[in-house]
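A.B. asks: Take a look at query_27.cif, mmCIF, C-alpha atoms:
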```cif
data_my_file
loop_
_atom_site.group_PDB
_atom_site.id
_atom_site.type_symbol
_atom_site.label_atom_id
_atom_site.label_comp_id
_atom_site.auth_asym_id
_atom_site.auth_seq_id
_atom_site.Cartn_x
_atom_site.Cartn_y
_atom_site.Cartn_z
ATOM 1 C CA MET A 1 79.729 58.554 98.503
ATOM 2 C CA THR A 2 79.671 62.057 99.996
ATOM 3 C CA PHE A 3 79.175 65.167 97.888
ATOM 4 C CA ASP A 4 82.460 67.112 97.795
ATOM 5 C CA LEU A 5 81.456 70.779 97.520
ATOM 6 C CA SER A 6 85.016 72.068 97.131
ATOM 7 C CA ALA A 7 85.898 69.669 94.356
ATOM 8 C CA TRP A 8 82.596 70.327 92.567
ATOM 9 C CA CYS A 9 83.092 74.117 92.625
ATOM 10 C CA ALA A 10 86.661 73.807 91.385
ATOM 11 C CA ALA A 11 85.605 71.544 88.521
ATOM 12 C CA GLU A 12 82.368 73.241 87.468
ATOM 13 C CA LEU A 13 82.880 76.891 88.450
ATOM 14 C CA GLY A 14 86.630 77.027 87.880
ATOM 15 C CA SER A 15 87.367 78.195 91.425
ATOM 16 C CA GLY A 16 87.201 76.582 94.842
ATOM 17 C CA PRO A 17 85.217 78.008 97.761
ATOM 18 C CA VAL A 18 86.991 80.032 100.437
ATOM 19 C CA GLU A 19 83.825 80.483 102.498
ATOM 20 C CA VAL A 20 80.458 78.800 102.867
ATOM 21 C CA PHE A 21 78.317 81.724 104.021
ATOM 22 C CA CYS A 22 74.994 79.878 103.939
ATOM 23 C CA GLU A 23 73.956 76.254 104.295
ATOM 24 C CA ARG A 24 70.431 74.888 104.324
ATOM 25 C CA VAL A 25 69.506 71.231 104.262
ATOM 26 C CA SER A 26 65.936 70.249 103.424
ATOM 27 C CA ILE A 27 64.624 68.427 100.365
ATOM 28 C CA SER A 28 67.559 70.104 98.601
ATOM 29 C CA SER A 29 70.881 71.024 100.142
ATOM 30 C CA VAL A 30 71.784 74.643 99.355
ATOM 31 C CA PHE A 31 75.236 76.119 99.885
ATOM 32 C CA GLY A 32 76.065 79.789 99.505
ATOM 33 C CA VAL A 33 79.743 79.937 98.599
ATOM 34 C CA ARG A 34 82.314 82.662 98.124
ATOM 35 C CA LEU A 35 84.882 81.515 95.597
ATOM 36 C CA ALA A 36 88.616 82.146 95.542
ATOM 37 C CA ASP A 37 88.244 84.331 92.432
ATOM 38 C CA GLY A 38 85.851 86.670 94.284
ATOM 39 C CA ARG A 39 82.563 85.444 92.838
ATOM 40 C CA SER A 40 79.652 84.188 94.888
ATOM 41 C CA ALA A 41 77.234 81.435 93.960
ATOM 42 C CA TYR A 42 74.556 79.185 95.381
ATOM 43 C CA VAL A 43 75.095 75.470 94.836
ATOM 44 C CA LYS A 44 72.027 73.220 95.023
ATOM 45 C CA ALA A 45 72.299 69.448 95.413
ATOM 46 C CA ARG A 46 69.342 67.060 95.579
ATOM 47 C CA ALA A 47 68.281 63.547 94.778
ATOM 48 C CA ASP A 48 67.018 63.516 91.205
ATOM 49 C CA ASP A 49 63.795 61.794 90.216
ATOM 50 C CA GLY A 50 64.070 62.845 86.592
ATOM 51 C CA ARG A 51 62.951 66.452 87.079
ATOM 52 C CA ALA A 52 66.184 68.409 87.485
ATOM 53 C CA VAL A 53 67.195 69.047 83.874
ATOM 54 C CA SER A 54 63.748 70.265 82.827
ATOM 55 C CA CYS A 55 63.378 72.497 85.879
ATOM 56 C CA LEU A 56 66.755 74.136 85.346
ATOM 57 C CA ALA A 57 66.146 74.627 81.616
ATOM 58 C CA ALA A 58 62.889 76.438 82.389
ATOM 59 C CA GLN A 59 64.590 78.576 85.039
ATOM 60 C CA LYS A 60 67.331 79.506 82.567
ATOM 61 C CA SER A 61 64.762 80.505 79.951
ATOM 62 C CA LEU A 62 62.909 82.718 82.426
ATOM 63 C CA ALA A 63 66.091 84.428 83.612
ATOM 64 C CA GLU A 64 67.237 85.090 80.044
ATOM 65 C CA ARG A 65 63.922 86.804 79.275
ATOM 66 C CA GLY A 66 64.056 89.115 82.273
ATOM 67 C CA PHE A 67 61.925 87.319 84.829
ATOM 68 C CA PRO A 68 63.267 87.944 88.353
ATOM 69 C CA CYS A 69 64.786 84.580 89.164
ATOM 70 C CA PRO A 70 68.397 83.456 89.698
ATOM 71 C CA ARG A 71 70.370 82.789 86.530
ATOM 72 C CA PRO A 72 71.868 79.280 86.386
ATOM 73 C CA LEU A 73 75.661 79.282 86.240
ATOM 74 C CA THR A 74 76.070 75.602 85.338
ATOM 75 C CA PRO A 75 73.975 72.836 83.829
ATOM 76 C CA VAL A 76 72.836 69.977 86.039
ATOM 77 C CA VAL A 77 75.875 67.878 86.936
ATOM 78 C CA TRP A 78 75.560 64.545 88.725
ATOM 79 C CA ALA A 79 77.861 64.046 91.697
ATOM 80 C CA ALA A 80 77.701 61.459 94.480
ATOM 81 C CA GLY A 81 74.313 60.363 93.196
ATOM 82 C CA LEU A 82 72.903 63.885 93.395
ATOM 83 C CA ALA A 83 71.787 66.381 90.766
ATOM 84 C CA VAL A 84 73.843 69.517 91.362
ATOM 85 C CA HIS A 85 73.841 72.963 89.791
ATOM 86 C CA ALA A 86 74.993 76.471 90.669
ATOM 87 C CA GLU A 87 73.084 79.703 90.252
ATOM 88 C CA GLU A 88 73.805 83.382 90.729
ATOM 89 C CA PRO A 89 72.869 85.101 93.977
ATOM 90 C CA LEU A 90 69.982 87.551 93.997
ATOM 91 C CA PRO A 91 70.563 89.038 97.440
ATOM 92 C CA GLY A 92 68.429 91.421 99.430
ATOM 93 C CA GLY A 93 64.741 92.081 99.485
ATOM 94 C CA GLU A 94 62.155 91.076 102.032
ATOM 95 C CA VAL A 95 59.270 88.664 102.352
ATOM 96 C CA LEU A 96 55.950 90.343 101.582
ATOM 97 C CA PRO A 97 53.774 89.285 104.536
ATOM 98 C CA GLY A 98 50.027 89.029 104.800
ATOM 99 C CA ASP A 99 47.123 87.027 103.412
ATOM 100 C CA THR A 100 44.647 89.780 102.587
ATOM 101 C CA PRO A 101 42.967 90.095 99.183
ATOM 102 C CA GLU A 102 45.208 93.092 98.439
ATOM 103 C CA VAL A 103 48.348 91.051 99.057
ATOM 104 C CA ALA A 104 46.852 88.178 97.068
ATOM 105 C CA GLN A 105 46.503 90.453 94.037
ATOM 106 C CA ARG A 106 50.210 91.311 94.126
ATOM 107 C CA TYR A 107 51.273 87.684 94.283
ATOM 108 C CA ALA A 108 48.803 86.692 91.569
ATOM 109 C CA ALA A 109 50.203 89.269 89.153
ATOM 110 C CA VAL A 110 53.698 87.811 89.550
ATOM 111 C CA PHE A 111 52.397 84.268 89.138
ATOM 112 C CA ALA A 112 50.544 85.233 85.967
ATOM 113 C CA ARG A 113 53.687 86.809 84.550
ATOM 114 C CA SER A 114 55.625 83.596 85.199
ATOM 115 C CA MET A 115 52.939 81.483 83.538
ATOM 116 C CA VAL A 116 52.917 83.644 80.409
ATOM 117 C CA LEU A 117 56.656 83.087 80.007
ATOM 118 C CA LEU A 118 56.571 79.393 80.909
ATOM 119 C CA ALA A 119 53.969 78.818 78.188
ATOM 120 C CA ASP A 120 56.764 79.339 75.648
ATOM 121 C CA VAL A 121 59.169 76.879 77.323
ATOM 122 C CA SER A 122 59.401 73.425 75.772
ATOM 123 C CA VAL A 123 61.008 70.823 78.049
ATOM 124 C CA PRO A 124 60.223 67.221 78.983
ATOM 125 C CA PRO A 125 57.516 67.383 81.661
ATOM 126 C CA PRO A 126 59.043 67.530 85.170
ATOM 127 C CA VAL A 127 57.183 64.593 86.675
ATOM 128 C CA PRO A 128 56.349 63.480 89.253
ATOM 129 C CA ALA A 129 55.220 66.710 90.870
ATOM 130 C CA PRO A 130 56.797 67.799 94.165
ATOM 131 C CA ARG A 131 55.416 65.633 96.950
ATOM 132 C CA TRP A 132 53.141 68.332 98.435
ATOM 133 C CA ALA A 133 51.579 68.885 94.988
ATOM 134 C CA ARG A 134 51.441 65.226 93.926
ATOM 135 C CA TRP A 135 47.683 64.762 93.943
ATOM 136 C CA ASP A 136 48.105 63.209 90.489
ATOM 137 C CA HIS A 137 50.212 60.280 91.719
ATOM 138 C CA THR A 138 49.452 56.846 90.297
ATOM 139 C CA GLY A 139 49.968 54.818 93.454
ATOM 140 C CA PRO A 140 47.282 53.209 95.617
ATOM 141 C CA GLY A 141 45.428 55.167 98.247
ATOM 142 C CA LEU A 142 44.882 58.846 98.837
ATOM 143 C CA TRP A 143 48.389 60.071 99.579
ATOM 144 C CA PRO A 144 51.492 59.869 97.394
ATOM 145 C CA ALA A 145 54.106 57.449 98.691
ATOM 146 C CA ILE A 146 56.407 59.256 101.131
ATOM 147 C CA ASP A 147 58.227 56.598 103.129
ATOM 148 C CA PHE A 148 59.007 58.580 106.266
ATOM 149 C CA LEU A 149 55.379 59.751 106.531
ATOM 150 C CA ASP A 150 53.821 56.426 105.582
ATOM 151 C CA ALA A 151 55.791 54.664 108.339
ATOM 152 C CA ARG A 152 53.996 56.695 111.030
ATOM 153 C CA ASP A 153 50.676 55.973 112.712
ATOM 154 C CA GLN A 154 48.086 57.060 110.145
ATOM 155 C CA SER A 155 45.231 56.740 112.618
ATOM 156 C CA VAL A 156 46.115 60.152 114.058
ATOM 157 C CA VAL A 157 45.202 61.898 110.788
ATOM 158 C CA PRO A 158 41.772 63.485 111.426
ATOM 159 C CA ALA A 159 38.845 62.050 109.499
ATOM 160 C CA PHE A 160 37.912 65.488 108.167
ATOM 161 C CA VAL A 161 41.387 65.830 106.618
ATOM 162 C CA VAL A 162 41.092 62.448 104.927
ATOM 163 C CA GLU A 163 37.567 63.247 103.710
ATOM 164 C CA ALA A 164 38.574 66.655 102.324
ATOM 165 C CA GLY A 165 41.641 65.180 100.661
ATOM 166 C CA THR A 166 39.621 62.366 99.119
ATOM 167 C CA ARG A 167 36.975 64.695 97.693
ATOM 168 C CA VAL A 168 39.527 67.210 96.403
ATOM 169 C CA ARG A 169 41.656 64.560 94.738
ATOM 170 C CA LYS A 170 38.625 62.907 93.124
ATOM 171 C CA ARG A 171 37.620 66.261 91.607
ATOM 172 C CA LEU A 172 41.142 66.972 90.381
ATOM 173 C CA LEU A 173 41.532 63.537 88.785
ATOM 174 C CA ALA A 174 38.194 63.878 86.988
ATOM 175 C CA THR A 175 39.393 66.725 84.780
ATOM 176 C CA ASP A 176 40.903 66.324 81.335
ATOM 177 C CA LEU A 177 42.284 69.868 81.161
ATOM 178 C CA PRO A 178 45.687 69.995 79.438
ATOM 179 C CA CYS A 179 48.825 70.158 81.551
ATOM 180 C CA VAL A 180 51.273 73.063 81.487
ATOM 181 C CA LEU A 181 54.434 74.115 83.330
ATOM 182 C CA GLY A 182 54.044 76.099 86.527
ATOM 183 C CA HIS A 183 55.656 76.840 89.873
ATOM 184 C CA ALA A 184 54.197 74.447 92.459
ATOM 185 C CA ASP A 185 55.708 76.067 95.555
ATOM 186 C CA PHE A 186 54.677 79.672 94.967
ATOM 187 C CA GLU A 187 54.789 80.753 98.601
ATOM 188 C CA ALA A 188 55.871 83.912 100.392
ATOM 189 C CA GLN A 189 58.972 82.181 101.732
ATOM 190 C CA ASN A 190 60.226 81.724 98.147
ATOM 191 C CA LEU A 191 59.798 85.336 96.984
ATOM 192 C CA ARG A 192 61.613 88.539 97.885
ATOM 193 C CA TRP A 193 60.362 92.085 97.321
ATOM 194 C CA ARG A 194 61.968 95.535 97.292
ATOM 195 C CA ALA A 195 60.212 98.899 97.199
ATOM 196 C CA GLY A 196 56.921 97.256 96.321
ATOM 197 C CA GLU A 197 58.307 95.268 93.379
ATOM 198 C CA VAL A 198 59.205 91.607 93.236
ATOM 199 C CA LEU A 199 62.980 91.171 93.365
ATOM 200 C CA ALA A 200 63.347 87.407 93.143
ATOM 201 C CA VAL A 201 61.318 84.230 92.822
ATOM 202 C CA HIS A 202 63.233 81.201 94.043
ATOM 203 C CA ASP A 203 62.842 77.409 94.177
ATOM 204 C CA TRP A 204 62.443 76.490 90.529
ATOM 205 C CA ASP A 205 63.192 72.892 91.496
ATOM 206 C CA SER A 206 59.463 72.891 92.330
ATOM 207 C CA LEU A 207 58.032 73.157 88.826
ATOM 208 C CA ALA A 208 55.128 70.854 88.062
ATOM 209 C CA TRP A 209 53.283 69.626 84.962
ATOM 210 C CA GLN A 210 49.603 70.022 85.814
ATOM 211 C CA PRO A 211 46.515 71.863 84.518
ATOM 212 C CA GLU A 212 46.916 75.638 84.583
ATOM 213 C CA ALA A 213 43.864 76.045 86.805
ATOM 214 C CA ALA A 214 45.254 73.554 89.328
ATOM 215 C CA LEU A 215 48.575 75.400 89.508
ATOM 216 C CA VAL A 216 46.748 78.704 89.955
ATOM 217 C CA GLY A 217 44.505 77.263 92.632
ATOM 218 C CA ALA A 218 47.396 75.770 94.567
ATOM 219 C CA ALA A 219 49.160 79.132 94.574
ATOM 220 C CA ALA A 220 45.917 80.867 95.527
ATOM 221 C CA GLY A 221 45.686 78.811 98.695
ATOM 222 C CA ALA A 222 49.347 78.848 99.687
ATOM 223 C CA PHE A 223 50.814 82.181 98.517
ATOM 224 C CA ALA A 224 51.138 83.567 102.058
ATOM 225 C CA ASN A 225 52.951 80.532 103.475
ATOM 226 C CA VAL A 226 55.950 80.997 105.672
ATOM 227 C CA PRO A 227 56.695 78.380 108.328
ATOM 228 C CA PRO A 228 54.426 77.089 109.674
ATOM 229 C CA PRO A 229 52.215 76.879 106.551
ATOM 230 C CA GLY A 230 48.473 77.398 106.629
ATOM 231 C CA LEU A 231 45.667 78.322 104.245
ATOM 232 C CA VAL A 232 44.694 81.868 103.327
ATOM 233 C CA PRO A 233 41.101 83.137 103.755
ATOM 234 C CA VAL A 234 38.643 82.126 101.048
ATOM 235 C CA GLU A 235 38.223 85.736 99.901
ATOM 236 C CA SER A 236 41.977 86.031 99.393
ATOM 237 C CA SER A 237 42.078 82.915 97.233
ATOM 238 C CA ALA A 238 39.187 84.393 95.246
ATOM 239 C CA ALA A 239 41.126 87.628 94.760
ATOM 240 C CA PHE A 240 44.189 85.666 93.593
ATOM 241 C CA ILE A 241 42.195 83.635 91.060
ATOM 242 C CA GLU A 242 40.375 86.713 89.744
ATOM 243 C CA THR A 243 43.557 88.769 89.425
ATOM 244 C CA TYR A 244 45.366 85.940 87.678
ATOM 245 C CA GLN A 245 42.673 85.756 85.005
ATOM 246 C CA ARG A 246 42.729 89.513 84.492
ATOM 247 C CA VAL A 247 46.517 89.729 84.189
ATOM 248 C CA ARG A 248 46.696 86.586 82.062
ATOM 249 C CA GLY A 249 44.047 88.031 79.772
ATOM 250 C CA ARG A 250 41.540 85.204 79.730
ATOM 251 C CA ALA A 251 38.635 84.039 81.865
ATOM 252 C CA PHE A 252 38.521 80.542 83.324
ATOM 253 C CA SER A 253 35.715 78.211 82.324
ATOM 254 C CA VAL A 254 33.387 76.735 84.953
ATOM 255 C CA GLU A 255 35.519 73.581 84.884
ATOM 256 C CA GLU A 256 38.715 75.553 85.436
ATOM 257 C CA MET A 257 37.211 77.494 88.335
ATOM 258 C CA GLU A 258 36.218 74.268 90.062
ATOM 259 C CA ILE A 259 39.661 72.762 89.522
ATOM 260 C CA ALA A 260 41.303 75.913 90.884
ATOM 261 C CA TRP A 261 39.213 75.727 94.059
ATOM 262 C CA ALA A 262 39.896 72.008 94.448
ATOM 263 C CA ALA A 263 43.643 72.538 94.095
ATOM 264 C CA SER A 264 43.517 75.404 96.582
ATOM 265 C CA MET A 265 42.985 72.766 99.304
ATOM 266 C CA TRP A 266 45.399 69.998 98.324
ATOM 267 C CA THR A 267 48.568 71.557 99.758
ATOM 268 C CA ALA A 268 46.696 72.351 102.966
ATOM 269 C CA VAL A 269 45.434 68.784 103.432
ATOM 270 C CA HIS A 270 48.941 67.472 102.720
ATOM 271 C CA ASN A 271 50.310 69.850 105.341
ATOM 272 C CA ALA A 272 47.509 68.973 107.772
ATOM 273 C CA ARG A 273 48.534 65.326 107.556
ATOM 274 C CA TRP A 274 52.194 66.275 108.029
ATOM 275 C CA GLU A 275 51.375 68.309 111.151
ATOM 276 C CA VAL A 276 49.659 65.530 113.063
ATOM 277 C CA LEU A 277 52.117 62.838 111.972
ATOM 278 C CA HIS A 278 54.920 64.996 113.406
ATOM 279 C CA GLY A 279 53.018 66.091 116.506
ATOM 280 C CA ASP A 280 53.269 69.739 115.461
ATOM 281 C CA PRO A 281 50.759 72.581 115.941
ATOM 282 C CA THR A 282 47.948 72.352 113.382
ATOM 283 C CA PRO A 283 47.406 75.667 111.539
ATOM 284 C CA SER A 284 46.757 73.862 108.242
ATOM 285 C CA GLY A 285 44.405 71.360 109.829
ATOM 286 C CA ASP A 286 42.529 74.112 111.644
ATOM 287 C CA ALA A 287 42.123 76.031 108.383
ATOM 288 C CA VAL A 288 40.914 72.936 106.513
ATOM 289 C CA ARG A 289 38.325 72.368 109.237
ATOM 290 C CA ALA A 290 37.169 76.000 109.127
ATOM 291 C CA GLN A 291 37.162 76.510 105.349
ATOM 292 C CA GLY A 292 36.649 73.040 103.963
ATOM 293 C CA THR A 293 32.897 73.212 103.439
ATOM 294 C CA GLU A 294 33.057 76.404 101.382
ATOM 295 C CA ARG A 295 36.077 75.424 99.320
ATOM 296 C CA LEU A 296 34.594 72.014 98.547
ATOM 297 C CA ARG A 297 31.358 73.703 97.467
ATOM 298 C CA LEU A 298 33.241 76.031 95.128
ATOM 299 C CA ALA A 299 35.147 73.027 93.755
ATOM 300 C CA ASN A 300 31.927 71.097 93.166
ATOM 301 C CA ALA A 301 33.611 68.329 95.114
#
```
Can you give me the file's structure in the form of structure tokens?
C.D. replies:
Amino acid sequence: MTFDLSAWCAAELGSGPVEVFCERVSISSVFGVRLADGRSAYVKARADDGRAVSCLAAQKSLAERGFPCPRPLTPVVWAAGLAVHAEEPLPGGEVLPGDTPEVAQRYAAVFARSMVLLADVSVPPPVPAPRWARWDHTGPGLWPAIDFLDARDQSVVPAFVVEAGTRVRKRLLATDLPCVLGHADFEAQNLRWRAGEVLAVHDWDSLAWQPEAALVGAAAGAFANVPPPGLVPVESSAAFIETYQRVRGRAFSVEEMEIAWAASMWTAVHNARWEVLHGDPTPSGDAVRAQGTERLRLANA
């Protein structure tokens, strides 16, 4: 069965589309539509693994309390086997580029603000985590099951990537820190800024239920990512983690600091594996090779 965008808009938004001004197909399919009644909306459709309702409920709560994220226009509606919802456009703004400590501080302040608000959101945990953040999977082996990656020749994955991933994951699994809600794809490509202020944070499909320190660490390593993704300098991750604690109003314990540093590498090792399995350039792999020793030391891994 094929998803019928026109029929879905007519049924759920009360007006059919007269123009599709944007279409992006990735893990989710996103359609920017102009409706016959003059409104515009973004319609997101994706395979649901049990996460969609919780993610959208959290996004709605944030938007209602003034956090700069799109306001949902519909609940999650299942169509053609997909979880579908519509949200308001938040147009304009620009990506804030750079991976310096100064840029890290600006991203960390926004992340801390989101975590303060998410702490008051009560929803069923959105599990499993997005695949690039799924270090906590329960399957065999190092990597979470991703069929189209697992079918490729794993022997091309460098030994240093496997070793770093193994040590990082072992450290992350050893913690018993409580899990909380947090954005697990907090990257430059998903934020827009205007006049020095954050205008919009997108991609709330990517919420995860993991220890706060792990969510912070993951963002601290990946905040500067635009395609192709990499890993920011160690000093910039340090600035992110320090700023987060200051804005959040509490200092991390030794355990939390180690977990943050461990998580700062997981997305990069996932991406490093992806790069070689696709025959792409290797910015993530190069960064893991260059920074791995120091990050593993800080993680006590």
A.B. asks: Contacts of Val162 of chain A at 10 Å or less, counting only C-alpha atoms, minus same-chain residues fewer than 5 places along, as number ranges by chain?
C.D. replies: A: 142-143, 157, 167-168, 269-270, 272-273
A.B. asks: What does the file look like for those residues with C-alpha atoms, as a compact mmCIF listing (two decimals), keeping the file's coordinate frame?
C.D. replies:
```
# COMPACT_ATOMS: atom_id res chain seq x y z
CA LEU A 142 44.88 58.85 98.84
CA TRP A 143 48.39 60.07 99.58
CA VAL A 157 45.20 61.90 110.79
CA ARG A 167 36.98 64.69 97.69
CA VAL A 168 39.53 67.21 96.40
CA VAL A 269 45.43 68.78 103.43
CA HIS A 270 48.94 67.47 102.72
CA ALA A 272 47.51 68.97 107.77
CA ARG A 273 48.53 65.33 107.56
```
A.B. asks: Do a neighbour search on Ala260 of chain A at 8 Å with only C-alpha atoms, toss out local chain neighbours closer than 6 positions, and write the hits as a VMD selection string.
C.D. replies: chain A and resid 213 to 218 241 299
A.B. asks: Which residue is closest to Pro97 of chain A? Choose from A:Pro158, A:Pro130, A:Pro227, A:Gly141 and count all atoms listed in the file.
C.D. replies: A:Pro227
A.B. asks: Here's the selection I'm unsure about, the PyMOL selection byres ((chain A and resi 197) around 10); applied to the file above, which residues does it give, as a PDB file with C-alpha atoms, in the frame of the given file?
C.D. replies:
```pdb
ATOM      1  CA  GLY A  93      64.741  92.081  99.485  1.00  0.00           C
ATOM      2  CA  LEU A  96      55.950  90.343 101.582  1.00  0.00           C
ATOM      3  CA  ARG A 106      50.210  91.311  94.126  1.00  0.00           C
ATOM      4  CA  VAL A 110      53.698  87.811  89.550  1.00  0.00           C
ATOM      5  CA  ARG A 192      61.613  88.539  97.885  1.00  0.00           C
ATOM      6  CA  TRP A 193      60.362  92.085  97.321  1.00  0.00           C
ATOM      7  CA  ARG A 194      61.968  95.535  97.292  1.00  0.00           C
ATOM      8  CA  ALA A 195      60.212  98.899  97.199  1.00  0.00           C
ATOM      9  CA  GLY A 196      56.921  97.256  96.321  1.00  0.00           C
ATOM     10  CA  VAL A 198      59.205  91.607  93.236  1.00  0.00           C
ATOM     11  CA  LEU A 199      62.980  91.171  93.365  1.00  0.00           C
ATOM     12  CA  ALA A 200      63.347  87.407  93.143  1.00  0.00           C
TER      13      ALA A 200
END
```
A.B. asks: Using the chain letters and numbering of this document, enumerate as a PDB file with C-alpha atoms, in the frame of the given file the residues selected by the PyMOL selection byres ((chain A and resi 28) around 7).
C.D. replies:
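Final output, saved to result_38.pdb:
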```
ATOM      1  CA  VAL A  25      69.506  71.231 104.262  1.00  0.00           C
ATOM      2  CA  SER A  26      65.936  70.249 103.424  1.00  0.00           C
ATOM      3  CA  ILE A  27      64.624  68.427 100.365  1.00  0.00           C
ATOM      4  CA  SER A  29      70.881  71.024 100.142  1.00  0.00           C
ATOM      5  CA  VAL A  30      71.784  74.643  99.355  1.00  0.00           C
ATOM      6  CA  LYS A  44      72.027  73.220  95.023  1.00  0.00           C
ATOM      7  CA  ALA A  45      72.299  69.448  95.413  1.00  0.00           C
ATOM      8  CA  ARG A  46      69.342  67.060  95.579  1.00  0.00           C
TER       9      ARG A  46
END
```
A.B. asks: Which is closest to Ala268 of chain A among A:Ala238, A:Ala164, A:Ala104, A:Ala41, if we use only C-alpha atoms?
C.D. replies: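 When distances to Ala268 of chain A are compared using only C-alpha atoms, the smallest one comes from A:Ala164.
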A.B. asks: What does the distance between atom CA of Ser40 of chain A and atom CA of Val121 of chain A come to in Å, to one decimal place?
C.D. replies: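 For atom CA of Ser40 of chain A relative to atom CA of Val121 of chain A, the distance reads 28.0 Å.
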A.B. asks: Care to translate the PyMOL selection byres ((chain A and resi 259) around 12) into actual residues of this file, as a PyMOL selection string?
C.D. replies: chain A and resi 167-177+210-218+220+241+252-258+260-266+295-301
A.B. asks: Provide the atom CA of Asn271 of chain A to atom CA of Gly230 of chain A distance in Å, to one decimal place.
C.D. replies: 7.9 Å
A.B. asks: Separation of atom CA of Arg248 of chain A and atom CA of Pro72 of chain A, in Å?
C.D. replies: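 About the pair atom CA of Arg248 of chain A and atom CA of Pro72 of chain A: they are 26.6 Å apart.
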A.B. asks: Could you give me, as JSON, numbers by chain, the residues within 12 Å of Ser6 of chain A, counting all atoms listed in the file and dropping anything in the same chain fewer than 4 positions from it?
C.D. replies: {"A": [2, 10, 11, 12, 13, 14, 15, 16, 17, 18, 19, 20, 31, 33, 34, 35, 36, 43]}
A.B. asks: Of the candidates A:Thr267, A:His85, A:Trp274, A:Val232, which shows the shortest atom-to-atom distance to Val103 of chain A, using all atoms listed in the file?
C.D. replies: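 Of A:Thr267, A:His85, A:Trp274, A:Val232, the one nearest Val103 of chain A is A:Val232, counting all atoms listed in the file.
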